[in-house]
Amino acid sequence: MAKVDYVYNPKTCRYEPVIINSQILLRRLGRFMGVSFMIGVISLLVFNANYPSVDETLLLSRNEALKGDWNVLYKKLDNAAKELSALEQTDDHNYRVILDLEPLAQSVREAGVGGREKENANIPYRIIKEGYEKAEKLKNRLDIEIQSFEELNKELAYKERMWASRPAIQPLSNEDLTYLHTTYGMRKHPILGYWREHKGLDFTAPKGSPVYATGDGTIEEAHYSDSYGNVVYIDHGFGFETRYAHLVEYIIKKGEKVKRGQIIGYVGNTGLSYSTHLHYEVLFKGDQINPINFFQRDLSNREYEKLVELGGIATTSLD
Ligand SMILES: [Zn+2]
């Protein structure tokens, strides 16, 4: 049986049953739904404030993973910067010293570092912004270092050509050499009989002993002259020239390229020569210089000093 509500009517002085019409019913329903809606909204807000959604949970965990990845990247950038610093140090203090180049000025190394702050200002997160700047600085330093290495490579290629070209060995093998006359300077000519400047060294060796180019170069001359006999001139570039005189024969032609150690002819006694020997000259920028300083004979300092001393004593050359 449905519950019936009564209400006191002062006009009739009686309790009368409450008659619920549709208007009252609608009002009550509206009130109920309004309160329910409010409770629902408040509950949802409280829940959302305290408990993230599934999507949010996923995003948060992804965010944490990304932060971890970013920190790893950050450390890798730091390590790369350290390795680059070590490379810059080696470049400045080893490679450039060996190749006679000045170390790169700090201003050059720092050129181009930074300068993109305006673009980076739009990046919202500090950690990402710092990462970008770090990577850009590293890239700029790397660009400078790459340029530096290109310069080192060019210089190395130039120096290699120069070192290969410079007269640096003895023109005769020690096995064939009988005697080295260190006769550079004023000497009495054995045939002409008077004193004149002897601008080379005389190497005594059996006739036919091979004569070697003492550095890479191009045959400038290969001909016979009354004084030098069969003679070969080699242009080594970089200001250097060598001459090999009194050969029994030469086996190269004018204009030919030769390498250090290549046989160019054989020892003889042609031209104005007293006995079988090789007359060897080294010229720098057109002037003869003492060839003794342009080859190694495995001598100790003492032996070398003795040789130079003997060269000063000898009064007669072989040509
Ligand atoms: Zn000579």
# chains A, B, ... in the order shown; residues from 1 in each chain; ligands from 1
>>> residues_around(residues="Ser148 of chain A", least_positions_apart="3", cutoff="12 Å", atoms="only C-alpha atoms", output="list in words")
Leu87, Glu88, Thr90, Asp91, Asp92, Tyr95, Arg96, Leu101, Glu102, Pro103, Leu104, Ala105, Val108, Arg109, Arg141, Leu142, Asp143, Ile144, Glu145, Glu151, Leu152, Asn153, Lys154 and Glu155 of chain A
>>> select_by_dssp(residues="segment 59-305 of chain A", states="strand (DSSP E or B)", output="MDAnalysis selection string")
chainID A and resid 179:181 185:188 195:198 201:204 210:212 217:225 229:237 240:250 257:258 263:268 277:284 287:289
>>> residues_around(residues="Tyr250 of chain A", least_positions_apart="5", cutoff="10 Å", atoms="only C-alpha atoms", output="PDB file with C-alpha atoms, in the first residue's frame")
ATOM      1  CA  PRO A 210     125.647   3.258 -59.245  1.00  0.00           C
ATOM      2  CA  VAL A 211     124.877   6.905 -58.502  1.00  0.00           C
ATOM      3  CA  ALA A 222     121.811  15.503 -68.549  1.00  0.00           C
ATOM      4  CA  HIS A 223     124.669  16.296 -70.890  1.00  0.00           C
ATOM      5  CA  TYR A 224     128.437  16.322 -71.437  1.00  0.00           C
ATOM      6  CA  ASN A 230     128.862  13.528 -68.134  1.00  0.00           C
ATOM      7  CA  VAL A 231     126.759  15.457 -65.652  1.00  0.00           C
ATOM      8  CA  VAL A 232     123.186  15.293 -64.347  1.00  0.00           C
ATOM      9  CA  TYR A 244     126.351  14.679 -60.224  1.00  0.00           C
ATOM     10  CA  ALA A 245     129.524  15.056 -62.327  1.00  0.00           C
ATOM     11  CA  ILE A 263     119.892   5.092 -60.147  1.00  0.00           C
ATOM     12  CA  ILE A 264     120.599   7.980 -62.534  1.00  0.00           C
ATOM     13  CA  GLY A 265     124.068   6.988 -63.795  1.00  0.00           C
ATOM     14  CA  TYR A 266     127.427   5.414 -62.908  1.00  0.00           C
ATOM     15  CA  VAL A 267     130.694   6.679 -61.448  1.00  0.00           C
TER      16      VAL A 267
END
>>> select_by_dssp(residues="segment 14-250 of chain A", states="alpha helix (DSSP H)", output="MDAnalysis selection string")
chainID A and resid 22:50 54:90 96:98 106:110 117:120 126:165
>>> residues_near_ligand(ligand="ligand 1", cutoff="7 Å", atoms="only C-alpha atoms and all ligand atoms", output="list in words")
His198, Gly200, Leu201, Asp202, His279, Tyr280, Ser317, Leu318 and Asp319 of chain A
>>> closest_residue(among="A:Ser53, A:Asn71, A:Asn21, A:Ser43", to="Gly131 of chain A", atoms="only C-alpha atoms")
A:Asn71
>>> atom_distance(atom1="atom CA of Leu177 of chain A", atom2="atom CA of Gly229 of chain A")
20.2 Å
>>> residues_around(residues="Ile289 of chain A", least_positions_apart="3", cutoff="8 Å", atoms="only C-alpha atoms", output="list in words")
Lys199, Gly200, Glu281, Val282, Leu283 and Phe284 of chain A
>>> write_last_selection(atoms="N, CA and C atoms", output="CSV table (one decimal), in the first residue's frame")
chain,number,residue,atom,x,y,z
A,199,LYS,N,133.1,23.6,-55.0
A,199,LYS,CA,131.8,23.8,-54.4
A,199,LYS,C,131.0,22.5,-54.3
A,200,GLY,N,131.7,21.4,-54.0
A,200,GLY,CA,131.0,20.1,-53.8
A,200,GLY,C,131.9,19.2,-53.1
A,281,GLU,N,127.2,18.1,-55.9
A,281,GLU,CA,126.9,19.4,-55.4
A,281,GLU,C,125.4,19.5,-55.0
A,282,VAL,N,125.2,20.3,-53.9
A,282,VAL,CA,123.8,20.7,-53.5
A,282,VAL,C,123.7,22.2,-53.6
A,283,LEU,N,122.7,22.7,-54.3
A,283,LEU,CA,122.4,24.1,-54.4
A,283,LEU,C,121.1,24.5,-53.8
A,284,PHE,N,121.0,25.6,-53.1
A,284,PHE,CA,119.8,26.1,-52.6
A,284,PHE,C,119.6,27.5,-53.2
>>> closest_residue(among="A:Ile292, A:Ala135, A:Ala65, A:Ile20", to="Thr182 of chain A", atoms="only C-alpha atoms")
A:Ile292
>>> residues_around(residues="Gly237 of chain A", least_positions_apart="5", cutoff="8 Å", atoms="only C-alpha atoms", output="list in words")
Met162, Ser165 and Gly217 of chain A
>>> write_last_selection(atoms="N, CA, C and O atoms", output="mmCIF file, in the first residue's frame")
data_model
loop_
_atom_site.group_PDB
_atom_site.id
_atom_site.type_symbol
_atom_site.label_atom_id
_atom_site.label_comp_id
_atom_site.auth_asym_id
_atom_site.auth_seq_id
_atom_site.Cartn_x
_atom_site.Cartn_y
_atom_site.Cartn_z
ATOM 1 N N MET A 162 107.764 17.991 -49.826
ATOM 2 C CA MET A 162 108.998 18.725 -49.557
ATOM 3 C C MET A 162 110.076 17.789 -48.983
ATOM 4 O O MET A 162 111.223 17.821 -49.425
ATOM 5 N N SER A 165 111.418 15.519 -51.549
ATOM 6 C CA SER A 165 112.207 16.203 -52.573
ATOM 7 C C SER A 165 113.567 16.642 -52.058
ATOM 8 O O SER A 165 114.528 16.708 -52.819
ATOM 9 N N GLY A 217 112.629 14.473 -57.761
ATOM 10 C CA GLY A 217 112.768 15.692 -58.560
ATOM 11 C C GLY A 217 112.636 15.420 -60.045
ATOM 12 O O GLY A 217 112.203 14.340 -60.462
#
>>> residues_around(residues="Arg196 of chain A", least_positions_apart="3", cutoff="8 Å", atoms="only C-alpha atoms", output="NGL selection string")
:A and (186-189)
>>> write_last_selection(atoms="N, CA, C and O atoms", output="PDB file, in the first residue's frame")
ATOM      1  N   MET A 186     137.831  26.452 -50.619  1.00  0.00           N
ATOM      2  CA  MET A 186     138.990  26.756 -51.484  1.00  0.00           C
ATOM      3  C   MET A 186     139.938  25.552 -51.526  1.00  0.00           C
ATOM      4  O   MET A 186     140.366  25.071 -50.487  1.00  0.00           O
ATOM      5  N   ARG A 187     140.204  25.049 -52.723  1.00  0.00           N
ATOM      6  CA  ARG A 187     141.082  23.882 -52.891  1.00  0.00           C
ATOM      7  C   ARG A 187     141.977  24.087 -54.115  1.00  0.00           C
ATOM      8  O   ARG A 187     141.597  24.768 -55.065  1.00  0.00           O
ATOM      9  N   LYS A 188     143.140  23.416 -54.055  1.00  0.00           N
ATOM     10  CA  LYS A 188     144.054  23.471 -55.201  1.00  0.00           C
ATOM     11  C   LYS A 188     143.573  22.445 -56.226  1.00  0.00           C
ATOM     12  O   LYS A 188     143.347  21.275 -55.879  1.00  0.00           O
ATOM     13  N   HIS A 189     143.372  22.879 -57.485  1.00  0.00           N
ATOM     14  CA  HIS A 189     142.885  21.938 -58.498  1.00  0.00           C
ATOM     15  C   HIS A 189     144.016  21.011 -58.925  1.00  0.00           C
ATOM     16  O   HIS A 189     145.124  21.475 -59.239  1.00  0.00           O
TER      17      HIS A 189
END
>>> atom_distance(atom1="atom CA of Tyr184 of chain A", atom2="atom CA of Gly255 of chain A")
28.8 Å
>>> atom_distance(atom1="atom CA of Lys75 of chain A", atom2="atom CA of Lys134 of chain A")
10.8 Å
